[in-house]
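Report on one structure; see the data block that follows.
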Amino acid sequence: MTSAERVTAAISHQEPDRVPLFMTTTMHGARELDLPLKDYFTSSKNVIEGQVRLKEHYGGDFYYAVLYAAIEAEAFGQDVRWCDNGPATAGAPGIRNIEEIRSLEAPDPRTTPCLQRVLEVIAGLAERAAGETPVVGLVVSPFSLPIMQLGFERYLRLTYEHRDLFWQLMAINEAFCVAWAEAQIAAGASAIAYYDPASSPTVTAPAVFRETGLLIAKRTLSRIPAATAIHLASGRCLPILDELISTGTNMVSASAEEDLAETKARCAGRVTVVGDLNGLAMRRWTAEDAEAAVKSAIAAAGRGGGFILADNHGEIPWQVPDSVLEAVRDAVDRWGRYPLSWVDDEGD
């Protein structure tokens, strides 16, 4: 099977030839090319070449056309802070006074330089993929983007104390999110990750989520003309899982802090589970640890399709060594081949 066929089968709740593997190595491409992270991410050609080399090295089943989440804040005019051994982050919040929301305008993804760079990456990867490998893009949800736009504390105050301005900001962000997703799809993205950590019960109480983030997700996802994955960035999902599924998404991320078997059981036949290797713990894993974690995840969620193995955050830390990623690759090849008869054998 090609990677595209393998992923399509899994999303259709069928068993492909093996469990699909999503290696969310955004930064490791710079290591492949021996470049500083800033030099790597500010060149679309570098990112394209880095992603191609990463797939060859680690054998994953997609191209991850993601540079850094803060690029959306950058598109709104914020500074980006670069790090030598970690992802770029958003600088000082762009909205300094909540009254500025009344005149805030969303950037046009087609003419904003930093976003154009992402579109170039997607187009380049889609050409390299030739239909055999999915190209996955990313949007930060309208509900989570204000964490960068305002800062966490002011965003909380906006949510609870200024609902009129809250909804005005959501309308601006929703329009931008849909336009940004559409631009990525037009460039060649096969699917869109809807990155929404603020909606997780780890961050927002489920009752508040149901009257805010859930409504926003339903409206936004219904307008994105491609497969989508709600990604909670390590956050827990089980308390709001039925609500997440009700948005019409195709995939939901699983947290390493929750029981993967329970998550898969509740999602079976409804949405595909993506997860749940612990990216932070990966920094200290041995090859044996990696194999054990992969084997455990596949045993918990692999049967019947509907499962894609990935890290639980959506970005594998820079500090995770090549040897661990290679061990994950090898373990998936060893233990992820269908039918998973070894799961029954070990259960006897």
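In the structure tokens, chains take letters A, B, ... by order of appearance, with residues numbered from 1 within each chain and ligands from 1 in the order shown.
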
Find the residues around Pro142 of chain A up to 10 Å (only C-alpha atoms counted), leave out those fewer than 2 positions away in its own chain, and share them as a PDB file with N, CA and C atoms, in the first residue's frame.
```pdb
ATOM      1  N   VAL A 139      -4.234  24.616  10.885  1.00  0.00           N
ATOM      2  CA  VAL A 139      -4.773  25.914  11.281  1.00  0.00           C
ATOM      3  C   VAL A 139      -4.910  25.913  12.798  1.00  0.00           C
ATOM      4  N   VAL A 140      -4.613  27.034  13.407  1.00  0.00           N
ATOM      5  CA  VAL A 140      -4.895  27.200  14.830  1.00  0.00           C
ATOM      6  C   VAL A 140      -6.357  27.593  14.931  1.00  0.00           C
ATOM      7  N   SER A 144      -8.472  29.073  19.956  1.00  0.00           N
ATOM      8  CA  SER A 144      -7.142  28.975  20.577  1.00  0.00           C
ATOM      9  C   SER A 144      -6.193  30.077  20.147  1.00  0.00           C
ATOM     10  N   LEU A 145      -6.393  30.650  18.972  1.00  0.00           N
ATOM     11  CA  LEU A 145      -5.509  31.690  18.476  1.00  0.00           C
ATOM     12  C   LEU A 145      -5.386  32.886  19.425  1.00  0.00           C
ATOM     13  N   PRO A 146      -6.442  33.300  20.147  1.00  0.00           N
ATOM     14  CA  PRO A 146      -6.303  34.456  21.034  1.00  0.00           C
ATOM     15  C   PRO A 146      -5.309  34.280  22.180  1.00  0.00           C
ATOM     16  N   ILE A 147      -4.913  33.043  22.471  1.00  0.00           N
ATOM     17  CA  ILE A 147      -3.873  32.853  23.481  1.00  0.00           C
ATOM     18  C   ILE A 147      -2.610  33.590  23.058  1.00  0.00           C
ATOM     19  N   LEU A 169     -14.205  38.908  18.151  1.00  0.00           N
ATOM     20  CA  LEU A 169     -12.899  38.339  17.816  1.00  0.00           C
ATOM     21  C   LEU A 169     -13.058  36.957  17.194  1.00  0.00           C
ATOM     22  N   MET A 170     -14.000  36.173  17.692  1.00  0.00           N
ATOM     23  CA  MET A 170     -14.217  34.850  17.119  1.00  0.00           C
ATOM     24  C   MET A 170     -14.655  34.955  15.660  1.00  0.00           C
ATOM     25  N   ALA A 171     -15.493  35.916  15.345  1.00  0.00           N
ATOM     26  CA  ALA A 171     -15.947  36.073  13.958  1.00  0.00           C
ATOM     27  C   ALA A 171     -14.773  36.391  13.038  1.00  0.00           C
ATOM     28  N   ILE A 172     -13.877  37.260  13.500  1.00  0.00           N
ATOM     29  CA  ILE A 172     -12.686  37.606  12.710  1.00  0.00           C
ATOM     30  C   ILE A 172     -11.797  36.377  12.527  1.00  0.00           C
ATOM     31  N   ASN A 173     -11.574  35.661  13.627  1.00  0.00           N
ATOM     32  CA  ASN A 173     -10.690  34.499  13.576  1.00  0.00           C
ATOM     33  C   ASN A 173     -11.290  33.353  12.769  1.00  0.00           C
ATOM     34  N   GLU A 174     -12.608  33.179  12.857  1.00  0.00           N
ATOM     35  CA  GLU A 174     -13.249  32.128  12.076  1.00  0.00           C
ATOM     36  C   GLU A 174     -13.080  32.384  10.581  1.00  0.00           C
ATOM     37  N   ALA A 175     -13.319  33.611  10.169  1.00  0.00           N
ATOM     38  CA  ALA A 175     -13.177  33.943   8.743  1.00  0.00           C
ATOM     39  C   ALA A 175     -11.739  33.704   8.287  1.00  0.00           C
ATOM     40  N   PHE A 176     -10.777  34.112   9.114  1.00  0.00           N
ATOM     41  CA  PHE A 176      -9.377  33.889   8.769  1.00  0.00           C
ATOM     42  C   PHE A 176      -9.065  32.398   8.725  1.00  0.00           C
ATOM     43  N   CYS A 177      -9.524  31.642   9.707  1.00  0.00           N
ATOM     44  CA  CYS A 177      -9.231  30.214   9.796  1.00  0.00           C
ATOM     45  C   CYS A 177      -9.735  29.479   8.554  1.00  0.00           C
ATOM     46  N   VAL A 178     -10.946  29.768   8.136  1.00  0.00           N
ATOM     47  CA  VAL A 178     -11.507  29.110   6.954  1.00  0.00           C
ATOM     48  C   VAL A 178     -10.729  29.506   5.702  1.00  0.00           C
ATOM     49  N   TYR A 194      -6.763  20.800  12.893  1.00  0.00           N
ATOM     50  CA  TYR A 194      -7.416  21.928  13.568  1.00  0.00           C
ATOM     51  C   TYR A 194      -6.868  21.943  14.986  1.00  0.00           C
ATOM     52  N   TYR A 195      -5.857  22.774  15.201  1.00  0.00           N
ATOM     53  CA  TYR A 195      -5.087  22.765  16.445  1.00  0.00           C
ATOM     54  C   TYR A 195      -5.825  23.586  17.491  1.00  0.00           C
ATOM     55  N   ASP A 196      -6.348  22.914  18.520  1.00  0.00           N
ATOM     56  CA  ASP A 196      -7.283  23.575  19.433  1.00  0.00           C
ATOM     57  C   ASP A 196      -7.051  23.220  20.902  1.00  0.00           C
ATOM     58  N   ALA A 198      -7.031  25.039  23.511  1.00  0.00           N
ATOM     59  CA  ALA A 198      -7.894  25.749  24.458  1.00  0.00           C
ATOM     60  C   ALA A 198      -9.196  25.015  24.713  1.00  0.00           C
ATOM     61  N   GLY A 213     -16.094  27.130  22.460  1.00  0.00           N
ATOM     62  CA  GLY A 213     -15.237  26.400  21.535  1.00  0.00           C
ATOM     63  C   GLY A 213     -15.956  25.376  20.689  1.00  0.00           C
ATOM     64  N   ILE A 216     -17.907  27.161  17.934  1.00  0.00           N
ATOM     65  CA  ILE A 216     -16.942  27.700  16.970  1.00  0.00           C
ATOM     66  C   ILE A 216     -16.395  26.580  16.085  1.00  0.00           C
ATOM     67  N   ALA A 217     -16.061  25.446  16.692  1.00  0.00           N
ATOM     68  CA  ALA A 217     -15.528  24.322  15.922  1.00  0.00           C
ATOM     69  C   ALA A 217     -16.558  23.807  14.924  1.00  0.00           C
ATOM     70  N   THR A 220     -16.769  26.325  12.034  1.00  0.00           N
ATOM     71  CA  THR A 220     -15.545  26.418  11.249  1.00  0.00           C
ATOM     72  C   THR A 220     -15.283  25.145  10.458  1.00  0.00           C
TER      73      THR A 220
END
```

Using DSSP secondary structure from the backbone, list all strand (DSSP E or B) positions within segment 15-245 of chain A, as a PDB file with N, CA and C atoms, in the first residue's frame.
```
ATOM      1  N   ARG A  18      -0.514  -2.029   7.466  1.00  0.00           N
ATOM      2  CA  ARG A  18       0.056  -1.817   8.792  1.00  0.00           C
ATOM      3  C   ARG A  18      -0.512  -0.526   9.366  1.00  0.00           C
ATOM      4  N   LEU A  21       1.775   5.629  10.448  1.00  0.00           N
ATOM      5  CA  LEU A  21       2.645   6.340  11.384  1.00  0.00           C
ATOM      6  C   LEU A  21       2.781   7.796  10.952  1.00  0.00           C
ATOM      7  N   PHE A  22       2.397   8.699  11.843  1.00  0.00           N
ATOM      8  CA  PHE A  22       2.585  10.134  11.616  1.00  0.00           C
ATOM      9  C   PHE A  22       3.725  10.610  12.503  1.00  0.00           C
ATOM     10  N   TYR A  63       3.445  13.925   4.811  1.00  0.00           N
ATOM     11  CA  TYR A  63       4.288  15.106   4.847  1.00  0.00           C
ATOM     12  C   TYR A  63       3.589  16.130   5.725  1.00  0.00           C
ATOM     13  N   TYR A  64       4.321  16.682   6.660  1.00  0.00           N
ATOM     14  CA  TYR A  64       3.754  17.615   7.640  1.00  0.00           C
ATOM     15  C   TYR A  64       4.137  19.025   7.220  1.00  0.00           C
ATOM     16  N   VAL A  80       7.993  37.232  16.023  1.00  0.00           N
ATOM     17  CA  VAL A  80       8.278  35.829  16.303  1.00  0.00           C
ATOM     18  C   VAL A  80       9.631  35.742  16.985  1.00  0.00           C
ATOM     19  N   ARG A  81       9.691  34.943  18.048  1.00  0.00           N
ATOM     20  CA  ARG A  81      10.942  34.750  18.781  1.00  0.00           C
ATOM     21  C   ARG A  81      11.520  33.395  18.412  1.00  0.00           C
ATOM     22  N   THR A  89       8.241  30.965  18.796  1.00  0.00           N
ATOM     23  CA  THR A  89       7.072  31.328  19.591  1.00  0.00           C
ATOM     24  C   THR A  89       6.642  32.754  19.272  1.00  0.00           C
ATOM     25  N   ALA A  90       5.384  33.054  19.590  1.00  0.00           N
ATOM     26  CA  ALA A  90       4.870  34.404  19.363  1.00  0.00           C
ATOM     27  C   ALA A  90       5.461  35.356  20.389  1.00  0.00           C
ATOM     28  N   VAL A 135      -0.475  15.123   2.370  1.00  0.00           N
ATOM     29  CA  VAL A 135       0.173  16.358   2.819  1.00  0.00           C
ATOM     30  C   VAL A 135      -0.779  17.019   3.811  1.00  0.00           C
ATOM     31  N   VAL A 136      -0.347  17.160   5.035  1.00  0.00           N
ATOM     32  CA  VAL A 136      -1.212  17.671   6.099  1.00  0.00           C
ATOM     33  C   VAL A 136      -0.833  19.101   6.443  1.00  0.00           C
ATOM     34  N   GLY A 137      -1.807  20.005   6.357  1.00  0.00           N
ATOM     35  CA  GLY A 137      -1.635  21.383   6.785  1.00  0.00           C
ATOM     36  C   GLY A 137      -2.205  21.600   8.168  1.00  0.00           C
ATOM     37  N   LEU A 138      -2.108  22.821   8.659  1.00  0.00           N
ATOM     38  CA  LEU A 138      -2.558  23.106  10.019  1.00  0.00           C
ATOM     39  C   LEU A 138      -3.159  24.502  10.104  1.00  0.00           C
ATOM     40  N   VAL A 139      -4.234  24.616  10.885  1.00  0.00           N
ATOM     41  CA  VAL A 139      -4.773  25.914  11.281  1.00  0.00           C
ATOM     42  C   VAL A 139      -4.910  25.913  12.798  1.00  0.00           C
ATOM     43  N   VAL A 140      -4.613  27.034  13.407  1.00  0.00           N
ATOM     44  CA  VAL A 140      -4.895  27.200  14.830  1.00  0.00           C
ATOM     45  C   VAL A 140      -6.357  27.593  14.931  1.00  0.00           C
ATOM     46  N   ALA A 191      -5.355  17.165   4.005  1.00  0.00           N
ATOM     47  CA  ALA A 191      -6.132  17.239   5.242  1.00  0.00           C
ATOM     48  C   ALA A 191      -5.624  18.411   6.060  1.00  0.00           C
ATOM     49  N   ILE A 192      -6.452  18.843   7.008  1.00  0.00           N
ATOM     50  CA  ILE A 192      -6.115  19.987   7.841  1.00  0.00           C
ATOM     51  C   ILE A 192      -6.218  19.591   9.317  1.00  0.00           C
ATOM     52  N   ALA A 193      -5.137  19.813  10.037  1.00  0.00           N
ATOM     53  CA  ALA A 193      -5.171  19.653  11.491  1.00  0.00           C
ATOM     54  C   ALA A 193      -5.718  20.937  12.107  1.00  0.00           C
ATOM     55  N   TYR A 194      -6.763  20.800  12.893  1.00  0.00           N
ATOM     56  CA  TYR A 194      -7.416  21.928  13.568  1.00  0.00           C
ATOM     57  C   TYR A 194      -6.868  21.943  14.986  1.00  0.00           C
ATOM     58  N   TYR A 195      -5.857  22.774  15.201  1.00  0.00           N
ATOM     59  CA  TYR A 195      -5.087  22.765  16.445  1.00  0.00           C
ATOM     60  C   TYR A 195      -5.825  23.586  17.491  1.00  0.00           C
ATOM     61  N   ALA A 227     -10.675  16.611   4.746  1.00  0.00           N
ATOM     62  CA  ALA A 227     -10.647  15.871   5.999  1.00  0.00           C
ATOM     63  C   ALA A 227      -9.969  16.718   7.074  1.00  0.00           C
ATOM     64  N   THR A 228     -10.475  16.621   8.297  1.00  0.00           N
ATOM     65  CA  THR A 228      -9.918  17.409   9.392  1.00  0.00           C
ATOM     66  C   THR A 228      -9.617  16.523  10.601  1.00  0.00           C
ATOM     67  N   ALA A 229      -8.694  16.997  11.406  1.00  0.00           N
ATOM     68  CA  ALA A 229      -8.347  16.332  12.659  1.00  0.00           C
ATOM     69  C   ALA A 229      -8.338  17.377  13.764  1.00  0.00           C
ATOM     70  N   ILE A 230      -9.161  17.191  14.781  1.00  0.00           N
ATOM     71  CA  ILE A 230      -9.096  18.074  15.940  1.00  0.00           C
ATOM     72  C   ILE A 230      -7.938  17.621  16.810  1.00  0.00           C
ATOM     73  N   HIS A 231      -6.987  18.522  17.007  1.00  0.00           N
ATOM     74  CA  HIS A 231      -5.797  18.183  17.795  1.00  0.00           C
ATOM     75  C   HIS A 231      -5.745  19.074  19.025  1.00  0.00           C
TER      76      HIS A 231
END
```

**Request:** Would you kindly return, as a PyMOL selection string, each protein, DNA or RNA residue with an atom no farther than 12 Å from any atom of Gly275 of chain A, considering only C-alpha atoms and excluding same-chain residues fewer than 5 positions away?
**Result:** chain A and resi 19-24+229-237+251-261+263-264+293-294+296-298+300-302+306-316

Selected residues written out, N, CA and C atoms, as a compact mmCIF listing (two decimals), in the first residue's frame:
```txt
# COMPACT_ATOMS: atom_id res chain seq x y z
N VAL A 19 -0.30 -0.32 10.65
CA VAL A 19 -0.75 0.89 11.33
C VAL A 19 -0.04 2.10 10.70
N PRO A 20 -0.78 3.12 10.28
CA PRO A 20 -0.11 4.32 9.75
C PRO A 20 0.68 5.03 10.85
N LEU A 21 1.78 5.63 10.45
CA LEU A 21 2.64 6.34 11.38
C LEU A 21 2.78 7.80 10.95
N PHE A 22 2.40 8.70 11.84
CA PHE A 22 2.59 10.13 11.62
C PHE A 22 3.72 10.61 12.50
N MET A 23 4.86 10.89 11.90
CA MET A 23 6.01 11.41 12.64
C MET A 23 5.97 12.94 12.55
N THR A 24 5.51 13.59 13.59
CA THR A 24 5.33 15.05 13.56
C THR A 24 6.64 15.76 13.88
N ALA A 229 -8.69 17.00 11.41
CA ALA A 229 -8.35 16.33 12.66
C ALA A 229 -8.34 17.38 13.76
N ILE A 230 -9.16 17.19 14.78
CA ILE A 230 -9.10 18.07 15.94
C ILE A 230 -7.94 17.62 16.81
N HIS A 231 -6.99 18.52 17.01
CA HIS A 231 -5.80 18.18 17.80
C HIS A 231 -5.74 19.07 19.03
N LEU A 232 -5.76 18.45 20.20
CA LEU A 232 -5.80 19.18 21.46
C LEU A 232 -4.42 19.37 22.08
N ALA A 233 -3.37 19.05 21.34
CA ALA A 233 -2.00 19.36 21.76
C ALA A 233 -1.67 18.85 23.15
N SER A 234 -1.78 17.55 23.34
CA SER A 234 -1.51 16.85 24.60
C SER A 234 -2.67 16.91 25.58
N GLY A 235 -3.63 17.79 25.33
CA GLY A 235 -4.75 17.95 26.27
C GLY A 235 -5.67 16.74 26.26
N ARG A 236 -6.37 16.55 27.36
CA ARG A 236 -7.30 15.44 27.51
C ARG A 236 -8.52 15.64 26.61
N CYS A 237 -9.13 14.52 26.18
CA CYS A 237 -10.29 14.61 25.30
C CYS A 237 -11.51 13.86 25.82
N MET A 251 -10.90 12.97 12.55
CA MET A 251 -9.89 12.44 13.46
C MET A 251 -9.84 13.27 14.73
N VAL A 252 -9.46 12.61 15.83
CA VAL A 252 -9.32 13.28 17.13
C VAL A 252 -8.01 12.82 17.76
N SER A 253 -7.26 13.76 18.34
CA SER A 253 -6.01 13.39 18.99
C SER A 253 -6.27 12.77 20.35
N ALA A 254 -5.42 11.84 20.73
CA ALA A 254 -5.51 11.18 22.03
C ALA A 254 -4.37 11.66 22.92
N SER A 255 -4.67 11.86 24.19
CA SER A 255 -3.66 12.32 25.14
C SER A 255 -2.98 11.14 25.82
N ALA A 256 -1.69 11.28 26.05
CA ALA A 256 -0.96 10.25 26.79
C ALA A 256 -1.39 10.18 28.24
N GLU A 257 -2.15 11.18 28.71
CA GLU A 257 -2.62 11.21 30.09
C GLU A 257 -3.92 10.44 30.27
N GLU A 258 -4.48 9.90 29.20
CA GLU A 258 -5.74 9.16 29.28
C GLU A 258 -5.56 7.75 28.76
N ASP A 259 -6.55 6.91 29.03
CA ASP A 259 -6.50 5.51 28.64
C ASP A 259 -6.78 5.39 27.15
N LEU A 260 -5.79 4.93 26.39
CA LEU A 260 -5.93 4.87 24.93
C LEU A 260 -6.97 3.84 24.52
N ALA A 261 -7.04 2.73 25.22
CA ALA A 261 -8.03 1.71 24.88
C ALA A 261 -9.45 2.25 25.04
N THR A 263 -10.31 5.45 24.86
CA THR A 263 -10.51 6.43 23.79
C THR A 263 -10.88 5.74 22.49
N LYS A 264 -10.14 4.69 22.13
CA LYS A 264 -10.41 3.97 20.88
C LYS A 264 -11.79 3.32 20.93
N ALA A 293 6.52 1.29 24.06
CA ALA A 293 5.44 2.27 23.94
C ALA A 293 4.65 2.06 22.66
N VAL A 294 5.34 1.80 21.56
CA VAL A 294 4.65 1.54 20.29
C VAL A 294 3.80 0.29 20.38
N SER A 296 2.54 -1.12 23.02
CA SER A 296 1.40 -0.91 23.93
C SER A 296 0.29 -0.13 23.24
N ALA A 297 0.66 0.92 22.49
CA ALA A 297 -0.34 1.74 21.81
C ALA A 297 -1.07 0.94 20.75
N ILE A 298 -0.34 0.15 19.98
CA ILE A 298 -0.97 -0.65 18.93
C ILE A 298 -1.89 -1.70 19.53
N ALA A 300 -3.52 -1.43 22.26
CA ALA A 300 -4.69 -0.76 22.84
C ALA A 300 -5.66 -0.25 21.79
N ALA A 301 -5.13 0.17 20.62
CA ALA A 301 -6.01 0.89 19.68
C ALA A 301 -5.92 0.42 18.24
N GLY A 302 -5.06 -0.52 17.92
CA GLY A 302 -4.82 -0.85 16.53
C GLY A 302 -5.87 -1.71 15.87
N GLY A 306 -9.01 2.59 12.11
CA GLY A 306 -9.42 3.77 12.88
C GLY A 306 -8.36 4.26 13.84
N PHE A 307 -7.09 3.98 13.55
CA PHE A 307 -6.01 4.39 14.44
C PHE A 307 -4.78 4.78 13.64
N ILE A 308 -4.20 5.92 13.99
CA ILE A 308 -2.94 6.39 13.42
C ILE A 308 -2.00 6.66 14.58
N LEU A 309 -0.84 6.03 14.56
CA LEU A 309 0.13 6.23 15.63
C LEU A 309 0.89 7.53 15.41
N ALA A 310 0.97 8.34 16.45
CA ALA A 310 1.68 9.62 16.39
C ALA A 310 2.06 10.02 17.81
N ASP A 311 2.80 11.11 17.93
CA ASP A 311 3.01 11.64 19.27
C ASP A 311 1.73 12.35 19.71
N ASN A 312 1.62 12.64 20.99
CA ASN A 312 0.34 13.18 21.48
C ASN A 312 0.26 14.69 21.46
N HIS A 313 1.33 15.38 21.05
CA HIS A 313 1.30 16.84 21.10
C HIS A 313 1.17 17.48 19.72
N GLY A 314 1.60 16.79 18.70
CA GLY A 314 1.56 17.37 17.37
C GLY A 314 2.88 17.95 16.93
N GLU A 315 3.89 17.84 17.77
CA GLU A 315 5.24 18.29 17.42
C GLU A 315 6.23 17.57 18.33
N ILE A 316 7.07 16.74 17.72
CA ILE A 316 8.06 16.00 18.50
C ILE A 316 9.19 16.95 18.88
```

**Message:** For Arg329 of chain A, find every residue with an atom within 8 Å (counting only C-alpha atoms), except residues of its own chain fewer than 2 positions away, and show them as a PyMOL selection string.
**Reply:** chain A and resi 21+58-60+325-327+331-333

For N, CA and C atoms, I'd like the residues from the last selection saved as a PDB file, in the first residue's frame.
```
ATOM      1  N   LEU A  21       1.775   5.629  10.448  1.00  0.00           N
ATOM      2  CA  LEU A  21       2.645   6.340  11.384  1.00  0.00           C
ATOM      3  C   LEU A  21       2.781   7.796  10.952  1.00  0.00           C
ATOM      4  N   TYR A  58      12.644   8.231   8.505  1.00  0.00           N
ATOM      5  CA  TYR A  58      11.822   7.640   9.563  1.00  0.00           C
ATOM      6  C   TYR A  58      10.606   6.882   9.062  1.00  0.00           C
ATOM      7  N   GLY A  59      10.354   6.900   7.759  1.00  0.00           N
ATOM      8  CA  GLY A  59       9.307   6.057   7.205  1.00  0.00           C
ATOM      9  C   GLY A  59       7.891   6.423   7.592  1.00  0.00           C
ATOM     10  N   GLY A  60       7.624   7.675   7.907  1.00  0.00           N
ATOM     11  CA  GLY A  60       6.262   8.065   8.261  1.00  0.00           C
ATOM     12  C   GLY A  60       5.344   8.052   7.059  1.00  0.00           C
ATOM     13  N   LEU A 325      13.589   7.932  17.340  1.00  0.00           N
ATOM     14  CA  LEU A 325      12.672   7.983  16.205  1.00  0.00           C
ATOM     15  C   LEU A 325      12.870   6.784  15.286  1.00  0.00           C
ATOM     16  N   GLU A 326      14.086   6.359  15.128  1.00  0.00           N
ATOM     17  CA  GLU A 326      14.357   5.161  14.334  1.00  0.00           C
ATOM     18  C   GLU A 326      13.777   3.924  15.011  1.00  0.00           C
ATOM     19  N   ALA A 327      13.844   3.884  16.340  1.00  0.00           N
ATOM     20  CA  ALA A 327      13.278   2.745  17.075  1.00  0.00           C
ATOM     21  C   ALA A 327      11.756   2.720  16.950  1.00  0.00           C
ATOM     22  N   ALA A 331       9.740  -0.339  15.317  1.00  0.00           N
ATOM     23  CA  ALA A 331       8.721  -1.027  16.120  1.00  0.00           C
ATOM     24  C   ALA A 331       7.380  -1.071  15.398  1.00  0.00           C
ATOM     25  N   VAL A 332       7.041   0.012  14.689  1.00  0.00           N
ATOM     26  CA  VAL A 332       5.798   0.013  13.919  1.00  0.00           C
ATOM     27  C   VAL A 332       5.868  -1.035  12.819  1.00  0.00           C
ATOM     28  N   ASP A 333       7.014  -1.139  12.174  1.00  0.00           N
ATOM     29  CA  ASP A 333       7.174  -2.140  11.121  1.00  0.00           C
ATOM     30  C   ASP A 333       7.082  -3.552  11.682  1.00  0.00           C
TER      31      ASP A 333
END
```

**Asked** Just asking: which residues within segment 209-308 of chain A are alpha helix (DSSP H) according to DSSP, as a PyMOL selection string?
**Response** chain A and resi 209-211+213-221+241-246+260-267+279-282+287-301

**Request:** Please identify all polymer residues within 10 Å of Glu74 of chain A, counting only C-alpha atoms, omitting same-chain residues fewer than 6 positions from it, and present them as a PyMOL selection string.
**Result:** chain A and resi 80+89-91+94+107+112-115+148-149

**Item:** Between atom CA of Gln319 of chain A and atom CA of Gln78 of chain A, distance in Å (one decimal)
**Value:**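 Going from atom CA of Gln319 of chain A over to atom CA of Gln78 of chain A, I get 26.8 Å.
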
Neighbour list for Ile240 of chain A as a short mmCIF file (atom, residue, chain, number, x, y, z; two decimals) with C-alpha atoms, in the first residue's frame, cut-off 8 Å, only C-alpha atoms, skip fewer than 6 positions in-chain:
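New file selection-v3.cif:
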```
data_model
loop_
_atom_site.label_atom_id
_atom_site.label_comp_id
_atom_site.auth_asym_id
_atom_site.auth_seq_id
_atom_site.Cartn_x
_atom_site.Cartn_y
_atom_site.Cartn_z
CA SER A 200 -9.40 20.60 25.98
CA PRO A 201 -10.75 20.13 29.52
CA PRO A 206 -16.36 21.46 29.58
#
```

**Request:** Could you give me, as a list in words, the residues within 10 Å of Pro317 of chain A, counting only C-alpha atoms and dropping anything in the same chain fewer than 6 positions from it?
**Result:**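 Skipping anything fewer than 6 positions along the chain leaves Thr24, Thr25, Thr26, Met27, His28, Asn85, Gly86, Pro87, Gly279, Leu280, Ala281, Met282, Arg283 and Asp311 of chain A.
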
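Coordinates place atom CA of Phe209 of chain A at a distance of 9.5 Å from atom CA of Glu243 of chain A.
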
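Closest approach to Pro109 of chain A among A:Leu277, A:Val52, A:Ala179, A:Ile185: A:Ala179, based on only C-alpha atoms.
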